[in-house]
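J.: One structure, pasted below without further comment.
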Amino acid sequence: MSTDNREKETENPEPLRNGLYLVATPIGNLRDISLRALAVLKSVDLVICEDTRVTRKLLNAYQISARVQVYNDHSSDDKRDHVMDLIKEGKAVALLSDAGMPLVSDPGYKLARNCQNDGLYVTTIPGANAPLCALQLSGLPSDKFCFLGFMPAKSSARCKVLSEWAGVKATLIAFETAPRLIACLEDISKSFGTREVAVVREITKLYEEVRKDTVDVLIHHYRENGAPKGEIVLVIAPPEDQVIGEDDLQAMLFEALKSMKVKDAAHHVAEKTGHKKSDLYNMALKIHKE
């Protein structure tokens, strides 16, 4: 698009077409909202959001008097159908999460999917995003990354998720709560061994902080000083490329066999090293017999 066209678009925005507008909101600092997002919020017929109190704080900051209704994971099918009916009648509806991009670990997926399936117009108004901001601040590789969403609350479920991602050669990003941080770091250590982890919290806010170190050092720090407060994003370094010799594999299998059956030990070491499970099974079977 030429500069002239961009200027015209800014000066004379066209009326909104009926449809669903997925509007990104600030993740902390209220000034982190785009001019386009403000223009859309001033023009839509309805704003649907997780928490009207949070959304009205944003709208009031920019003198926007919009009609606001709650829409979240607990909303009924009837509520979703009602929103779609409004769009079919010619209305423009904005969907907001409390912070960041809608649909990214937030409500709205079913609504957006159903609108698209019905041929309704759905578009995004991009903006702040906690996972990507945390990745930027972490100082960890950003060429390949995967977002895991919120980590499970229970250790067993958390370890299962982590084991599934242990061998993936990409930086991992996940949300975690302050009360569960230490337990989560312990499970990361158990599942991944020594890895660098960045604990990024309160992004764009007054007490923004990035603490990066090996996971065991972080565990020690938070045990000594207590878990931090605020919104937390974990960024986990990818596994390092390393050559693991047969002696090392045997040692890992020998250790695993102390608490696991042969098949489970082979699976465990395969996930940690990327070696073939069949080869490790034969090696573990030999160690077990000996």
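Labeling convention for the structure tokens: chains A, B, ... as they appear, residues from 1 per chain, ligands from 1 in order of appearance.
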When DSSP works through the backbone of this structure, what residues of range 55-290 of chain A end up as strand (DSSP E), shown as a PyMOL selection string?

T.: chain A and resi 68-70+92-96+122-125+145-150+171-176+196-201+209-214+232-236

J.: I need the helix (DSSP H, G or I) residues of range 87-282 of chain A per DSSP on the backbone, written as a ChimeraX atom specification.

T.: /A:87-88,109-117,130-138,155-165,178-192,215-225,246-256,262-273,277-282

J.: Compile the contact shell of Arg195 in chain A as a list in words: residues with an atom at most 12 Å away, counting only C-alpha atoms, same-chain residues fewer than 6 positions apart removed.

T.: Leu140, Ala166, Thr171, Leu172, Leu185, Glu186, Asp187, Ile188, Ser189, Lys212, Asp213, Thr214, Val215, Asp216, Val217, Leu218, Val235, Ile236, Ala237, Pro238, Pro239 and Glu240 of chain A

J.: Got a sec: who's within 12 Å of Arg56 in chain A, counting only C-alpha atoms, leaving out chain neighbours fewer than 2 positions off, as a PDB file with all heavy atoms, in the first residue's frame?

T.:
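Final file, part.pdb:
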ATOM      1  N   THR A  25      -6.035  -6.135  22.840  1.00  0.00           N
ATOM      2  CA  THR A  25      -6.020  -5.098  23.867  1.00  0.00           C
ATOM      3  C   THR A  25      -4.679  -5.099  24.591  1.00  0.00           C
ATOM      4  O   THR A  25      -3.925  -6.077  24.518  1.00  0.00           O
ATOM      5  CB  THR A  25      -7.157  -5.327  24.881  1.00  0.00           C
ATOM      6  OG1 THR A  25      -7.028  -6.647  25.444  1.00  0.00           O
ATOM      7  CG2 THR A  25      -8.517  -5.196  24.211  1.00  0.00           C
ATOM      8  N   LEU A  41     -13.342   0.177  17.901  1.00  0.00           N
ATOM      9  CA  LEU A  41     -14.135   0.155  19.133  1.00  0.00           C
ATOM     10  C   LEU A  41     -15.129   1.315  19.185  1.00  0.00           C
ATOM     11  O   LEU A  41     -16.193   1.201  19.798  1.00  0.00           O
ATOM     12  CB  LEU A  41     -13.211   0.187  20.354  1.00  0.00           C
ATOM     13  CG  LEU A  41     -12.362  -1.076  20.564  1.00  0.00           C
ATOM     14  CD1 LEU A  41     -11.388  -0.884  21.718  1.00  0.00           C
ATOM     15  CD2 LEU A  41     -13.250  -2.285  20.821  1.00  0.00           C
ATOM     16  N   VAL A  47     -19.641  -4.556  21.799  1.00  0.00           N
ATOM     17  CA  VAL A  47     -18.364  -5.113  22.257  1.00  0.00           C
ATOM     18  C   VAL A  47     -18.675  -6.285  23.190  1.00  0.00           C
ATOM     19  O   VAL A  47     -19.419  -6.114  24.171  1.00  0.00           O
ATOM     20  CB  VAL A  47     -17.520  -4.065  23.011  1.00  0.00           C
ATOM     21  CG1 VAL A  47     -16.296  -4.718  23.657  1.00  0.00           C
ATOM     22  CG2 VAL A  47     -17.090  -2.946  22.075  1.00  0.00           C
ATOM     23  N   ILE A  48     -18.158  -7.457  22.885  1.00  0.00           N
ATOM     24  CA  ILE A  48     -18.309  -8.605  23.780  1.00  0.00           C
ATOM     25  C   ILE A  48     -16.941  -8.924  24.365  1.00  0.00           C
ATOM     26  O   ILE A  48     -15.919  -8.832  23.680  1.00  0.00           O
ATOM     27  CB  ILE A  48     -18.919  -9.829  23.063  1.00  0.00           C
ATOM     28  CG1 ILE A  48     -18.104 -10.213  21.828  1.00  0.00           C
ATOM     29  CG2 ILE A  48     -20.363  -9.557  22.686  1.00  0.00           C
ATOM     30  CD1 ILE A  48     -18.598 -11.493  21.151  1.00  0.00           C
ATOM     31  N   CYS A  49     -16.914  -9.293  25.655  1.00  0.00           N
ATOM     32  CA  CYS A  49     -15.630  -9.408  26.349  1.00  0.00           C
ATOM     33  C   CYS A  49     -15.735 -10.369  27.522  1.00  0.00           C
ATOM     34  O   CYS A  49     -16.824 -10.775  27.924  1.00  0.00           O
ATOM     35  CB  CYS A  49     -15.189  -8.035  26.839  1.00  0.00           C
ATOM     36  SG  CYS A  49     -16.391  -7.267  27.959  1.00  0.00           S
ATOM     37  N   GLU A  50     -14.583 -10.712  28.086  1.00  0.00           N
ATOM     38  CA  GLU A  50     -14.529 -11.622  29.239  1.00  0.00           C
ATOM     39  C   GLU A  50     -15.120 -10.974  30.494  1.00  0.00           C
ATOM     40  O   GLU A  50     -15.909 -11.566  31.203  1.00  0.00           O
ATOM     41  CB  GLU A  50     -13.083 -12.011  29.533  1.00  0.00           C
ATOM     42  CG  GLU A  50     -12.430 -12.914  28.533  1.00  0.00           C
ATOM     43  CD  GLU A  50     -11.028 -13.266  28.974  1.00  0.00           C
ATOM     44  OE1 GLU A  50     -10.869 -14.214  29.762  1.00  0.00           O
ATOM     45  OE2 GLU A  50     -10.087 -12.592  28.510  1.00  0.00           O
ATOM     46  N   ASP A  51     -14.678  -9.765  30.780  1.00  0.00           N
ATOM     47  CA  ASP A  51     -15.047  -9.075  32.017  1.00  0.00           C
ATOM     48  C   ASP A  51     -15.362  -7.619  31.673  1.00  0.00           C
ATOM     49  O   ASP A  51     -14.468  -6.873  31.256  1.00  0.00           O
ATOM     50  CB  ASP A  51     -13.894  -9.164  33.032  1.00  0.00           C
ATOM     51  CG  ASP A  51     -14.277  -8.646  34.406  1.00  0.00           C
ATOM     52  OD1 ASP A  51     -15.096  -7.713  34.493  1.00  0.00           O
ATOM     53  OD2 ASP A  51     -13.742  -9.166  35.406  1.00  0.00           O
ATOM     54  N   THR A  52     -16.601  -7.226  31.846  1.00  0.00           N
ATOM     55  CA  THR A  52     -17.003  -5.864  31.466  1.00  0.00           C
ATOM     56  C   THR A  52     -16.264  -4.802  32.277  1.00  0.00           C
ATOM     57  O   THR A  52     -16.004  -3.707  31.779  1.00  0.00           O
ATOM     58  CB  THR A  52     -18.518  -5.673  31.642  1.00  0.00           C
ATOM     59  OG1 THR A  52     -18.885  -5.973  33.000  1.00  0.00           O
ATOM     60  CG2 THR A  52     -19.292  -6.582  30.700  1.00  0.00           C
ATOM     61  N   ARG A  53     -15.881  -5.126  33.512  1.00  0.00           N
ATOM     62  CA  ARG A  53     -15.166  -4.149  34.343  1.00  0.00           C
ATOM     63  C   ARG A  53     -13.802  -3.834  33.751  1.00  0.00           C
ATOM     64  O   ARG A  53     -13.381  -2.670  33.706  1.00  0.00           O
ATOM     65  CB  ARG A  53     -15.018  -4.679  35.772  1.00  0.00           C
ATOM     66  CG  ARG A  53     -16.328  -4.839  36.526  1.00  0.00           C
ATOM     67  CD  ARG A  53     -16.131  -5.662  37.772  1.00  0.00           C
ATOM     68  NE  ARG A  53     -15.669  -7.015  37.458  1.00  0.00           N
ATOM     69  CZ  ARG A  53     -15.424  -7.959  38.363  1.00  0.00           C
ATOM     70  NH1 ARG A  53     -15.585  -7.682  39.647  1.00  0.00           N
ATOM     71  NH2 ARG A  53     -15.011  -9.150  37.998  1.00  0.00           N
ATOM     72  N   VAL A  54     -13.104  -4.876  33.303  1.00  0.00           N
ATOM     73  CA  VAL A  54     -11.777  -4.689  32.697  1.00  0.00           C
ATOM     74  C   VAL A  54     -11.901  -3.922  31.388  1.00  0.00           C
ATOM     75  O   VAL A  54     -11.147  -2.978  31.118  1.00  0.00           O
ATOM     76  CB  VAL A  54     -11.101  -6.057  32.463  1.00  0.00           C
ATOM     77  CG1 VAL A  54      -9.786  -5.883  31.697  1.00  0.00           C
ATOM     78  CG2 VAL A  54     -10.848  -6.762  33.786  1.00  0.00           C
ATOM     79  N   LEU A  58     -10.656   0.165  29.967  1.00  0.00           N
ATOM     80  CA  LEU A  58      -9.970   0.527  28.731  1.00  0.00           C
ATOM     81  C   LEU A  58     -10.788   1.523  27.923  1.00  0.00           C
ATOM     82  O   LEU A  58     -10.272   2.548  27.456  1.00  0.00           O
ATOM     83  CB  LEU A  58      -9.705  -0.729  27.895  1.00  0.00           C
ATOM     84  CG  LEU A  58      -9.152  -0.512  26.484  1.00  0.00           C
ATOM     85  CD1 LEU A  58      -7.754   0.094  26.549  1.00  0.00           C
ATOM     86  CD2 LEU A  58      -9.135  -1.818  25.699  1.00  0.00           C
ATOM     87  N   LEU A  59     -12.069   1.236  27.757  1.00  0.00           N
ATOM     88  CA  LEU A  59     -12.928   2.123  26.967  1.00  0.00           C
ATOM     89  C   LEU A  59     -13.018   3.515  27.593  1.00  0.00           C
ATOM     90  O   LEU A  59     -12.961   4.534  26.887  1.00  0.00           O
ATOM     91  CB  LEU A  59     -14.321   1.510  26.838  1.00  0.00           C
ATOM     92  CG  LEU A  59     -14.419   0.168  26.095  1.00  0.00           C
ATOM     93  CD1 LEU A  59     -15.853  -0.340  26.101  1.00  0.00           C
ATOM     94  CD2 LEU A  59     -13.896   0.296  24.670  1.00  0.00           C
ATOM     95  N   ASN A  60     -13.143   3.572  28.908  1.00  0.00           N
ATOM     96  CA  ASN A  60     -13.241   4.867  29.591  1.00  0.00           C
ATOM     97  C   ASN A  60     -11.963   5.692  29.427  1.00  0.00           C
ATOM     98  O   ASN A  60     -12.006   6.925  29.354  1.00  0.00           O
ATOM     99  CB  ASN A  60     -13.537   4.671  31.078  1.00  0.00           C
ATOM    100  CG  ASN A  60     -14.944   4.144  31.318  1.00  0.00           C
ATOM    101  OD1 ASN A  60     -15.815   4.274  30.461  1.00  0.00           O
ATOM    102  ND2 ASN A  60     -15.172   3.543  32.480  1.00  0.00           N
ATOM    103  N   ALA A  61     -10.814   4.996  29.376  1.00  0.00           N
ATOM    104  CA  ALA A  61      -9.536   5.699  29.220  1.00  0.00           C
ATOM    105  C   ALA A  61      -9.470   6.455  27.897  1.00  0.00           C
ATOM    106  O   ALA A  61      -8.745   7.450  27.775  1.00  0.00           O
ATOM    107  CB  ALA A  61      -8.377   4.713  29.325  1.00  0.00           C
ATOM    108  N   TYR A  62     -10.240   5.990  26.917  1.00  0.00           N
ATOM    109  CA  TYR A  62     -10.230   6.630  25.595  1.00  0.00           C
ATOM    110  C   TYR A  62     -11.601   7.226  25.232  1.00  0.00           C
ATOM    111  O   TYR A  62     -11.885   7.465  24.064  1.00  0.00           O
ATOM    112  CB  TYR A  62      -9.776   5.618  24.533  1.00  0.00           C
ATOM    113  CG  TYR A  62      -8.312   5.266  24.683  1.00  0.00           C
ATOM    114  CD1 TYR A  62      -7.925   4.120  25.371  1.00  0.00           C
ATOM    115  CD2 TYR A  62      -7.328   6.104  24.178  1.00  0.00           C
ATOM    116  CE1 TYR A  62      -6.580   3.810  25.534  1.00  0.00           C
ATOM    117  CE2 TYR A  62      -5.988   5.813  24.340  1.00  0.00           C
ATOM    118  CZ  TYR A  62      -5.614   4.672  25.019  1.00  0.00           C
ATOM    119  OH  TYR A  62      -4.281   4.366  25.190  1.00  0.00           O
ATOM    120  N   GLN A  63     -12.422   7.485  26.242  1.00  0.00           N
ATOM    121  CA  GLN A  63     -13.731   8.124  26.066  1.00  0.00           C
ATOM    122  C   GLN A  63     -14.576   7.421  24.993  1.00  0.00           C
ATOM    123  O   GLN A  63     -15.153   8.062  24.114  1.00  0.00           O
ATOM    124  CB  GLN A  63     -13.574   9.609  25.712  1.00  0.00           C
ATOM    125  CG  GLN A  63     -12.977  10.476  26.816  1.00  0.00           C
ATOM    126  CD  GLN A  63     -11.468  10.401  26.846  1.00  0.00           C
ATOM    127  OE1 GLN A  63     -10.809  10.570  25.827  1.00  0.00           O
ATOM    128  NE2 GLN A  63     -10.894  10.154  28.018  1.00  0.00           N
ATOM    129  N   ILE A  64     -14.631   6.102  25.085  1.00  0.00           N
ATOM    130  CA  ILE A  64     -15.419   5.318  24.139  1.00  0.00           C
ATOM    131  C   ILE A  64     -16.661   4.792  24.860  1.00  0.00           C
ATOM    132  O   ILE A  64     -16.552   4.060  25.849  1.00  0.00           O
ATOM    133  CB  ILE A  64     -14.608   4.130  23.573  1.00  0.00           C
ATOM    134  CG1 ILE A  64     -13.385   4.650  22.814  1.00  0.00           C
ATOM    135  CG2 ILE A  64     -15.470   3.267  22.657  1.00  0.00           C
ATOM    136  CD1 ILE A  64     -12.438   3.563  22.353  1.00  0.00           C
ATOM    137  N   SER A  65     -17.814   5.197  24.398  1.00  0.00           N
ATOM    138  CA  SER A  65     -19.063   4.755  25.017  1.00  0.00           C
ATOM    139  C   SER A  65     -19.688   3.683  24.124  1.00  0.00           C
ATOM    140  O   SER A  65     -20.506   3.999  23.252  1.00  0.00           O
ATOM    141  CB  SER A  65     -20.026   5.931  25.191  1.00  0.00           C
ATOM    142  OG  SER A  65     -20.237   6.570  23.943  1.00  0.00           O
ATOM    143  N   ALA A  66     -19.272   2.466  24.325  1.00  0.00           N
ATOM    144  CA  ALA A  66     -19.764   1.356  23.505  1.00  0.00           C
ATOM    145  C   ALA A  66     -20.680   0.467  24.327  1.00  0.00           C
ATOM    146  O   ALA A  66     -20.581   0.388  25.559  1.00  0.00           O
ATOM    147  CB  ALA A  66     -18.582   0.544  22.971  1.00  0.00           C
ATOM    148  N   ARG A  67     -21.579  -0.201  23.654  1.00  0.00           N
ATOM    149  CA  ARG A  67     -22.438  -1.199  24.299  1.00  0.00           C
ATOM    150  C   ARG A  67     -21.589  -2.434  24.569  1.00  0.00           C
ATOM    151  O   ARG A  67     -20.926  -2.962  23.664  1.00  0.00           O
ATOM    152  CB  ARG A  67     -23.597  -1.524  23.367  1.00  0.00           C
ATOM    153  CG  ARG A  67     -24.593  -2.530  23.902  1.00  0.00           C
ATOM    154  CD  ARG A  67     -25.666  -2.777  22.862  1.00  0.00           C
ATOM    155  NE  ARG A  67     -26.428  -3.976  23.140  1.00  0.00           N
ATOM    156  CZ  ARG A  67     -26.996  -4.717  22.209  1.00  0.00           C
ATOM    157  NH1 ARG A  67     -26.885  -4.384  20.931  1.00  0.00           N
ATOM    158  NH2 ARG A  67     -27.682  -5.789  22.539  1.00  0.00           N
ATOM    159  N   VAL A  68     -21.593  -2.909  25.814  1.00  0.00           N
ATOM    160  CA  VAL A  68     -20.694  -3.993  26.231  1.00  0.00           C
ATOM    161  C   VAL A  68     -21.491  -5.138  26.845  1.00  0.00           C
ATOM    162  O   VAL A  68     -22.394  -4.905  27.659  1.00  0.00           O
ATOM    163  CB  VAL A  68     -19.647  -3.474  27.254  1.00  0.00           C
ATOM    164  CG1 VAL A  68     -18.706  -4.592  27.670  1.00  0.00           C
ATOM    165  CG2 VAL A  68     -18.848  -2.315  26.671  1.00  0.00           C
ATOM    166  N   GLN A  69     -21.141  -6.363  26.464  1.00  0.00           N
ATOM    167  CA  GLN A  69     -21.753  -7.573  27.035  1.00  0.00           C
ATOM    168  C   GLN A  69     -20.673  -8.606  27.321  1.00  0.00           C
ATOM    169  O   GLN A  69     -19.630  -8.622  26.668  1.00  0.00           O
ATOM    170  CB  GLN A  69     -22.789  -8.168  26.076  1.00  0.00           C
ATOM    171  CG  GLN A  69     -24.049  -7.353  25.899  1.00  0.00           C
ATOM    172  CD  GLN A  69     -25.050  -8.034  24.981  1.00  0.00           C
ATOM    173  OE1 GLN A  69     -24.828  -9.137  24.500  1.00  0.00           O
ATOM    174  NE2 GLN A  69     -26.169  -7.361  24.727  1.00  0.00           N
ATOM    175  N   VAL A  70     -20.964  -9.480  28.271  1.00  0.00           N
ATOM    176  CA  VAL A  70     -20.030 -10.548  28.626  1.00  0.00           C
ATOM    177  C   VAL A  70     -20.124 -11.692  27.621  1.00  0.00           C
ATOM    178  O   VAL A  70     -21.215 -12.100  27.220  1.00  0.00           O
ATOM    179  CB  VAL A  70     -20.320 -11.085  30.048  1.00  0.00           C
ATOM    180  CG1 VAL A  70     -19.505 -12.353  30.330  1.00  0.00           C
ATOM    181  CG2 VAL A  70     -20.005 -10.019  31.087  1.00  0.00           C
ATOM    182  N   LEU A  96     -13.228  -8.918  22.541  1.00  0.00           N
ATOM    183  CA  LEU A  96     -12.025  -8.552  23.293  1.00  0.00           C
ATOM    184  C   LEU A  96     -11.763  -9.591  24.380  1.00  0.00           C
ATOM    185  O   LEU A  96     -12.705 -10.109  24.990  1.00  0.00           O
ATOM    186  CB  LEU A  96     -12.178  -7.188  23.968  1.00  0.00           C
ATOM    187  CG  LEU A  96     -11.946  -5.912  23.141  1.00  0.00           C
ATOM    188  CD1 LEU A  96     -12.962  -5.785  22.021  1.00  0.00           C
ATOM    189  CD2 LEU A  96     -12.006  -4.692  24.062  1.00  0.00           C
ATOM    190  N   ASP A  98      -9.487  -9.997  28.099  1.00  0.00           N
ATOM    191  CA  ASP A  98      -9.090  -9.031  29.130  1.00  0.00           C
ATOM    192  C   ASP A  98      -7.748  -8.392  28.795  1.00  0.00           C
ATOM    193  O   ASP A  98      -7.485  -7.240  29.150  1.00  0.00           O
ATOM    194  CB  ASP A  98      -9.011  -9.708  30.500  1.00  0.00           C
ATOM    195  CG  ASP A  98     -10.392  -9.956  31.091  1.00  0.00           C
ATOM    196  OD1 ASP A  98     -11.366  -9.396  30.558  1.00  0.00           O
ATOM    197  OD2 ASP A  98     -10.489 -10.722  32.071  1.00  0.00           O
TER     198      ASP A  98
END

J.: Hey, which of A:Leu135, A:Leu95, A:Ala37, A:Leu22 ends up closest to Val83 in chain A? Count only C-alpha atoms.

T.: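 Among the listed residues, the smallest separation from Val83 in chain A belongs to A:Leu95.
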
J.: Between A:Pro15, A:Pro126, A:Pro26, A:Gly119, which has the minimum distance to Gly100 in chain A (counting only C-alpha atoms)?

T.: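 Under the stated criterion, the closest residue is A:Pro26.
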
J.: Skipping near chain neighbours, those fewer than 2 positions away, what residues fall within 12 Å of Gly274 in chain A using only C-alpha atoms, listed as a list of chain:residue names?

T.: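 Here the answer would be A:Ser163, A:Glu164, A:Trp165, A:Ala166, A:Gly167, A:Val168, A:Lys169, A:Pro239, A:Glu240, A:Asp241, A:Gln242, A:Val243, A:Ile244, A:Leu249, A:Ala266, A:His267, A:His268, A:Val269, A:Ala270, A:Glu271, A:Lys272, A:Lys276, A:Lys277, A:Ser278, A:Asp279, A:Leu280.
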
J.: Go ahead and save the picked residues with N, CA and C atoms, as a PDB file, in the first residue's frame.

T.:
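As written to disk, part_36.pdb reads:
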ATOM      1  N   SER A 163       6.747 -34.015  28.814  1.00  0.00           N
ATOM      2  CA  SER A 163       7.408 -35.148  28.170  1.00  0.00           C
ATOM      3  C   SER A 163       7.106 -35.200  26.679  1.00  0.00           C
ATOM      4  N   GLU A 164       5.907 -34.756  26.311  1.00  0.00           N
ATOM      5  CA  GLU A 164       5.523 -34.745  24.896  1.00  0.00           C
ATOM      6  C   GLU A 164       6.326 -33.725  24.093  1.00  0.00           C
ATOM      7  N   TRP A 165       6.843 -32.692  24.776  1.00  0.00           N
ATOM      8  CA  TRP A 165       7.564 -31.629  24.097  1.00  0.00           C
ATOM      9  C   TRP A 165       9.070 -31.683  24.334  1.00  0.00           C
ATOM     10  N   ALA A 166       9.532 -32.662  25.087  1.00  0.00           N
ATOM     11  CA  ALA A 166      10.938 -32.693  25.513  1.00  0.00           C
ATOM     12  C   ALA A 166      11.918 -32.702  24.352  1.00  0.00           C
ATOM     13  N   GLY A 167      11.600 -33.443  23.295  1.00  0.00           N
ATOM     14  CA  GLY A 167      12.538 -33.573  22.190  1.00  0.00           C
ATOM     15  C   GLY A 167      12.351 -32.566  21.078  1.00  0.00           C
ATOM     16  N   VAL A 168      11.377 -31.672  21.221  1.00  0.00           N
ATOM     17  CA  VAL A 168      11.088 -30.692  20.157  1.00  0.00           C
ATOM     18  C   VAL A 168      12.184 -29.623  20.135  1.00  0.00           C
ATOM     19  N   LYS A 169      12.809 -29.451  18.982  1.00  0.00           N
ATOM     20  CA  LYS A 169      13.925 -28.506  18.872  1.00  0.00           C
ATOM     21  C   LYS A 169      13.398 -27.108  18.563  1.00  0.00           C
ATOM     22  N   PRO A 239      16.269 -28.006  23.337  1.00  0.00           N
ATOM     23  CA  PRO A 239      17.352 -28.918  23.723  1.00  0.00           C
ATOM     24  C   PRO A 239      18.590 -28.655  22.895  1.00  0.00           C
ATOM     25  N   GLU A 240      19.751 -28.800  23.513  1.00  0.00           N
ATOM     26  CA  GLU A 240      21.008 -28.594  22.795  1.00  0.00           C
ATOM     27  C   GLU A 240      21.336 -29.826  21.960  1.00  0.00           C
ATOM     28  N   ASP A 241      21.908 -29.580  20.789  1.00  0.00           N
ATOM     29  CA  ASP A 241      22.391 -30.694  19.974  1.00  0.00           C
ATOM     30  C   ASP A 241      23.645 -31.253  20.627  1.00  0.00           C
ATOM     31  N   GLN A 242      23.599 -32.515  20.978  1.00  0.00           N
ATOM     32  CA  GLN A 242      24.764 -33.119  21.607  1.00  0.00           C
ATOM     33  C   GLN A 242      24.844 -34.592  21.224  1.00  0.00           C
ATOM     34  N   VAL A 243      26.069 -35.068  21.143  1.00  0.00           N
ATOM     35  CA  VAL A 243      26.295 -36.471  20.813  1.00  0.00           C
ATOM     36  C   VAL A 243      26.357 -37.256  22.117  1.00  0.00           C
ATOM     37  N   ILE A 244      25.450 -38.206  22.267  1.00  0.00           N
ATOM     38  CA  ILE A 244      25.399 -39.025  23.478  1.00  0.00           C
ATOM     39  C   ILE A 244      25.944 -40.403  23.144  1.00  0.00           C
ATOM     40  N   LEU A 249      24.226 -43.545  27.359  1.00  0.00           N
ATOM     41  CA  LEU A 249      22.892 -44.133  27.205  1.00  0.00           C
ATOM     42  C   LEU A 249      22.686 -45.268  28.205  1.00  0.00           C
ATOM     43  N   ALA A 266      13.046 -47.408  28.379  1.00  0.00           N
ATOM     44  CA  ALA A 266      13.457 -47.134  27.005  1.00  0.00           C
ATOM     45  C   ALA A 266      12.712 -45.920  26.451  1.00  0.00           C
ATOM     46  N   HIS A 267      11.421 -45.844  26.741  1.00  0.00           N
ATOM     47  CA  HIS A 267      10.605 -44.710  26.281  1.00  0.00           C
ATOM     48  C   HIS A 267      11.102 -43.413  26.914  1.00  0.00           C
ATOM     49  N   HIS A 268      11.404 -43.458  28.204  1.00  0.00           N
ATOM     50  CA  HIS A 268      11.868 -42.277  28.936  1.00  0.00           C
ATOM     51  C   HIS A 268      13.172 -41.741  28.348  1.00  0.00           C
ATOM     52  N   VAL A 269      14.132 -42.609  28.120  1.00  0.00           N
ATOM     53  CA  VAL A 269      15.439 -42.186  27.599  1.00  0.00           C
ATOM     54  C   VAL A 269      15.316 -41.749  26.141  1.00  0.00           C
ATOM     55  N   ALA A 270      14.431 -42.398  25.387  1.00  0.00           N
ATOM     56  CA  ALA A 270      14.221 -42.010  23.990  1.00  0.00           C
ATOM     57  C   ALA A 270      13.715 -40.581  23.904  1.00  0.00           C
ATOM     58  N   GLU A 271      12.788 -40.222  24.794  1.00  0.00           N
ATOM     59  CA  GLU A 271      12.244 -38.859  24.791  1.00  0.00           C
ATOM     60  C   GLU A 271      13.308 -37.833  25.156  1.00  0.00           C
ATOM     61  N   LYS A 272      14.213 -38.206  26.045  1.00  0.00           N
ATOM     62  CA  LYS A 272      15.244 -37.268  26.491  1.00  0.00           C
ATOM     63  C   LYS A 272      16.369 -37.097  25.471  1.00  0.00           C
ATOM     64  N   LYS A 276      16.398 -43.956  18.946  1.00  0.00           N
ATOM     65  CA  LYS A 276      15.319 -44.872  18.621  1.00  0.00           C
ATOM     66  C   LYS A 276      14.917 -45.706  19.838  1.00  0.00           C
ATOM     67  N   LYS A 277      13.606 -45.775  20.071  1.00  0.00           N
ATOM     68  CA  LYS A 277      13.097 -46.512  21.225  1.00  0.00           C
ATOM     69  C   LYS A 277      13.421 -48.001  21.110  1.00  0.00           C
ATOM     70  N   SER A 278      13.389 -48.553  19.889  1.00  0.00           N
ATOM     71  CA  SER A 278      13.649 -49.984  19.701  1.00  0.00           C
ATOM     72  C   SER A 278      15.082 -50.330  20.090  1.00  0.00           C
ATOM     73  N   ASP A 279      16.040 -49.461  19.691  1.00  0.00           N
ATOM     74  CA  ASP A 279      17.440 -49.713  20.063  1.00  0.00           C
ATOM     75  C   ASP A 279      17.630 -49.614  21.569  1.00  0.00           C
ATOM     76  N   LEU A 280      16.991 -48.616  22.171  1.00  0.00           N
ATOM     77  CA  LEU A 280      17.121 -48.434  23.617  1.00  0.00           C
ATOM     78  C   LEU A 280      16.446 -49.564  24.384  1.00  0.00           C
TER      79      LEU A 280
END

J.: List the spatial neighbours of Val233 in chain A as an MDAnalysis selection string - criterion: any atom at most 8 Å away, only C-alpha atoms, same-chain residues fewer than 2 positions off excluded.

T.: chainID A and resid 130:131 134 173:176 199:201 231 235

J.: Output N, CA and C atoms for every residue in the selection just made, as a tab-separated table (two decimals), in the first residue's frame.

T.:
chain	number	residue	atom	x	y	z
A	130	ALA	N	1.22	-11.41	24.86
A	130	ALA	CA	2.15	-11.76	25.93
A	130	ALA	C	3.18	-12.82	25.53
A	131	PRO	N	2.77	-13.93	24.87
A	131	PRO	CA	3.79	-14.94	24.51
A	131	PRO	C	4.91	-14.38	23.64
A	134	ALA	N	7.15	-11.99	25.63
A	134	ALA	CA	8.03	-12.75	26.52
A	134	ALA	C	9.18	-13.38	25.74
A	173	ILE	N	7.00	-21.82	25.01
A	173	ILE	CA	6.42	-20.71	25.76
A	173	ILE	C	5.16	-21.19	26.45
A	174	ALA	N	5.00	-20.85	27.73
A	174	ALA	CA	3.81	-21.30	28.47
A	174	ALA	C	3.43	-20.27	29.52
A	175	PHE	N	2.14	-20.23	29.85
A	175	PHE	CA	1.66	-19.42	30.95
A	175	PHE	C	1.70	-20.23	32.24
A	176	GLU	N	2.02	-19.56	33.36
A	176	GLU	CA	1.99	-20.22	34.66
A	176	GLU	C	1.59	-19.21	35.72
A	199	VAL	N	11.92	-16.59	33.25
A	199	VAL	CA	10.66	-16.28	33.92
A	199	VAL	C	10.38	-14.81	33.66
A	200	VAL	N	9.40	-14.56	32.80
A	200	VAL	CA	9.09	-13.18	32.39
A	200	VAL	C	7.76	-12.80	33.02
A	201	ARG	N	7.76	-11.71	33.76
A	201	ARG	CA	6.52	-11.36	34.46
A	201	ARG	C	6.21	-9.87	34.34
A	231	GLU	N	1.57	-11.57	36.58
A	231	GLU	CA	1.35	-12.43	35.42
A	231	GLU	C	2.70	-12.99	34.96
A	235	VAL	N	9.55	-19.09	29.37
A	235	VAL	CA	10.16	-19.33	28.07
A	235	VAL	C	11.29	-20.33	28.29

J.: Restricting the calculation to only C-alpha atoms, which member of A:Val23, A:Leu120, A:Ala256, A:Cys159 is positioned closest to Lys88 in chain A?

T.: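 Between A:Val23, A:Leu120, A:Ala256, A:Cys159, the residue approaching Lys88 in chain A most closely is A:Leu120.
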
J.: Of the candidates A:Leu181, A:Ile219, A:Ala112, A:Met252, which one gets nearest to Ala94 in chain A if we count only C-alpha atoms?

T.: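 Smallest distance to Ala94 in chain A is found for A:Ala112.
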
J.: May I have the residues within 12 Å of Asn129 in chain A as a list in words, using only C-alpha atoms and disregarding those fewer than 6 positions away in the same chain?

T.: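 Residues near the query, excluding close chain neighbours: Val23, Ala24, Thr25, Pro26, Ile27, Gly28, Asp32, Ile33, Ser97, Asp98, Ala99, Gly100, Met101, Pro102, Leu103, Val104, Ser105, Asp106, Leu135, Gln136, Phe147, Ile203, Thr204 and Val233 of chain A.
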